[in-house]
Amino acid sequence: MAFQRIIPKLAIAGTAAGGTLFACHHLESQRRPLDGTDSCNAATVPAALKSLRTSGVAVVDNLRLTQGIVQEVKTMPAAQSMPTELVKPKRQQRRRGPPGSNMMPADETWRLSAYGRYHRLENHLGEVDIKVLEQIECQLWPLVEGFFREDEEKVDDIYRSELQLMTAVPKSGNQSWHKDNRARGLSIIVPLVDFHADNGSTQLLLGSHTEKWPLGPGKGARAVHAPVGSVVAYDSRTIHRGLGNETSEGRPALIFCYDRIGSPPPGCGTLGSVSTAYQGRMVDILTGAINALIPK
């Protein structure tokens, strides 16, 4: 008799748990775009710096990145080997390590950060590649210098902590939520195709770069929309992730990261990274629920 009374309660509890999981998955999978109401679009460096202070991100469209230089990037040697589809990992024999550590991409010059997201780091770029990318860096430098001068007048201790070519191929997965650095730094993404929510653009939690992070209507996760020729700059402390690509074409981009010598990335260990991933996920779900309940 007692067992018969427990079964309906377990069924109700299971149904509630299943409904909760479904709701959380739905809220987390939303791709609300970064639009004009978020005031993150900037036509000048001063406007970009203001947006970086308040929201932690700026989409800048006036740094003179022409179609010509973008096309030059697409034809440089490293870009010619860019994966265009999911590459099945090859199992390496006689390799020690934790379970799954012997699964590597077919081409190890392209590192995986998530399913279908490939990164080619600076140490795997050739001299021709670097020469092309440093032309772009010259156009980015006024923004980089202005950002660091707001924190401290000197800029001779700034260094390029990361330079990479990356792509999100069709059917790629989402990254985990993360920060590029616990300390103040600047990350810049240069789209090589138009960025939008469907093709795996960067999703950021607005305002998460500050200690006093306000949660409420209008805050939370936003997916960047940025055309070719613009750049997406964000404070390295901003919690973000790359979205999976739901289109039939790849979504390539360049990534430049800048930090001070005294505060190199990532600024935390494994536990800190795991904590940020859970924090980002919970805040994404919470703010999604808040915005869903507010009448439009």
# chains A, B, ... in the order shown; residues from 1 in each chain; ligands from 1

$ select_by_dssp --residues "range 106-190 of chain A" --states "strand (DSSP E)" --output "count of residues only"
25

$ residues_around --residues "Gln135 in chain A" --least-positions-apart "4" --cutoff "10 Å" --atoms "only C-alpha atoms" --output "count of residues only"
6

$ select_by_dssp --residues "range 54-278 of chain A" --states "alpha helix (DSSP H)" --output "PyMOL selection string"
chain A and resi 54+67-75+77-80+127-151+270-278

$ closest_residue --among "A:Met282, A:Val228, A:Ala42, A:Ile188" --to "Tyr258 in chain A" --atoms "only C-alpha atoms"
A:Ile188

$ closest_residue --among "A:Ala226, A:Ile255, A:Leu186, A:Val70" --to "Leu49 in chain A" --atoms "only C-alpha atoms"
A:Leu186

$ residues_around --residues "Glu145 in chain A" --least-positions-apart "2" --cutoff "12 Å" --atoms "only C-alpha atoms" --output "ChimeraX atom specification"
/A:45-46,49,137-143,147-160,185-186,258-260

$ write_last_selection --atoms "N, CA and C atoms" --output "compact mmCIF listing (two decimals), in the first residue's frame"
# COMPACT_ATOMS: atom_id res chain seq x y z
N VAL A 45 36.04 55.62 -31.93
CA VAL A 45 36.75 55.00 -30.81
C VAL A 45 36.23 55.51 -29.47
N PRO A 46 36.03 56.83 -29.27
CA PRO A 46 35.48 57.30 -27.98
C PRO A 46 34.12 56.66 -27.66
N LEU A 49 34.75 53.11 -26.52
CA LEU A 49 35.28 53.05 -25.16
C LEU A 49 34.17 53.25 -24.13
N GLU A 137 46.02 44.73 -37.39
CA GLU A 137 46.33 45.17 -36.02
C GLU A 137 46.63 46.67 -35.97
N CYS A 138 47.26 47.19 -36.99
CA CYS A 138 47.55 48.63 -37.04
C CYS A 138 46.24 49.44 -37.00
N GLN A 139 45.20 48.94 -37.65
CA GLN A 139 43.91 49.63 -37.64
C GLN A 139 43.21 49.51 -36.28
N LEU A 140 43.51 48.44 -35.56
CA LEU A 140 42.88 48.22 -34.25
C LEU A 140 43.58 48.99 -33.13
N TRP A 141 44.81 49.38 -33.34
CA TRP A 141 45.63 49.89 -32.24
C TRP A 141 45.06 51.13 -31.55
N PRO A 142 44.47 52.10 -32.25
CA PRO A 142 43.89 53.25 -31.52
C PRO A 142 42.86 52.82 -30.48
N LEU A 143 42.07 51.81 -30.79
CA LEU A 143 41.09 51.30 -29.84
C LEU A 143 41.78 50.61 -28.67
N PHE A 147 41.73 52.02 -24.80
CA PHE A 147 41.16 51.18 -23.74
C PHE A 147 42.10 51.09 -22.54
N PHE A 148 43.37 50.84 -22.80
CA PHE A 148 44.31 50.65 -21.68
C PHE A 148 44.69 51.97 -21.02
N ARG A 149 44.66 53.05 -21.76
CA ARG A 149 44.97 54.36 -21.16
C ARG A 149 43.89 54.79 -20.16
N GLU A 150 42.68 54.30 -20.31
CA GLU A 150 41.64 54.62 -19.34
C GLU A 150 41.94 54.03 -17.97
N ASP A 151 42.63 52.92 -17.96
CA ASP A 151 42.95 52.23 -16.71
C ASP A 151 44.25 52.75 -16.10
N GLU A 152 45.23 53.02 -16.96
CA GLU A 152 46.56 53.46 -16.52
C GLU A 152 47.23 54.15 -17.71
N GLU A 153 47.88 55.24 -17.46
CA GLU A 153 48.41 56.06 -18.55
C GLU A 153 49.44 55.32 -19.39
N LYS A 154 50.28 54.52 -18.75
CA LYS A 154 51.34 53.85 -19.53
C LYS A 154 50.77 52.71 -20.36
N VAL A 155 51.36 52.51 -21.53
CA VAL A 155 50.91 51.45 -22.43
C VAL A 155 52.07 50.57 -22.89
N ASP A 156 53.26 50.81 -22.33
CA ASP A 156 54.42 50.04 -22.78
C ASP A 156 54.44 48.62 -22.24
N ASP A 157 53.52 48.28 -21.32
CA ASP A 157 53.47 46.92 -20.81
C ASP A 157 52.33 46.11 -21.42
N ILE A 158 51.68 46.67 -22.45
CA ILE A 158 50.62 45.93 -23.14
C ILE A 158 51.27 44.95 -24.12
N TYR A 159 50.72 43.76 -24.19
CA TYR A 159 51.23 42.82 -25.19
C TYR A 159 50.07 42.05 -25.82
N ARG A 160 50.33 41.53 -27.00
CA ARG A 160 49.32 40.72 -27.68
C ARG A 160 49.39 39.31 -27.12
N GLY A 185 41.42 43.35 -19.63
CA GLY A 185 42.13 43.25 -20.89
C GLY A 185 41.13 43.48 -22.01
N LEU A 186 41.58 43.39 -23.24
CA LEU A 186 40.70 43.66 -24.38
C LEU A 186 40.80 42.53 -25.40
N TYR A 258 44.56 41.36 -26.00
CA TYR A 258 45.61 42.21 -25.44
C TYR A 258 45.48 42.27 -23.92
N ASP A 259 46.62 42.16 -23.25
CA ASP A 259 46.65 42.18 -21.79
C ASP A 259 47.91 42.90 -21.33
N ARG A 260 47.95 43.18 -20.04
CA ARG A 260 49.17 43.74 -19.45
C ARG A 260 50.09 42.59 -19.01

$ residues_around --residues "Pro191 in chain A" --least-positions-apart "4" --cutoff "12 Å" --atoms "only C-alpha atoms" --output "PyMOL selection string"
chain A and resi 59-61+65-67+69-71+73-74+136+165-168+195-196+199-202+224-233+250-256

$ atom_distance --atom1 "CA of Thr109 in chain A" --atom2 "CA of Gln80 in chain A"
12.7 Å

$ closest_residue --among "A:Glu162, A:Glu85, A:Glu134, A:Asp198" --to "Arg117 in chain A" --atoms "only C-alpha atoms"
A:Glu85

$ residues_around --residues "Pro170 in chain A" --least-positions-apart "2" --cutoff "8 Å" --atoms "only C-alpha atoms" --output "ChimeraX atom specification"
/A:84-86,116,168,172,199,244-250

$ closest_residue --among "A:Val57, A:Ala223, A:Val190, A:Ala114" --to "Gly207 in chain A" --atoms "only C-alpha atoms"
A:Val57

$ atom_distance --atom1 "CA of Lys179 in chain A" --atom2 "CA of Glu108 in chain A"
24.3 Å

$ residues_around --residues "His209 in chain A" --least-positions-apart "2" --cutoff "10 Å" --atoms "only C-alpha atoms" --output "ChimeraX atom specification"
/A:52-57,179,182-184,205-207,211-213,234-239

$ atom_distance --atom1 "CA of Arg64 in chain A" --atom2 "CA of Gly146 in chain A"
16.9 Å
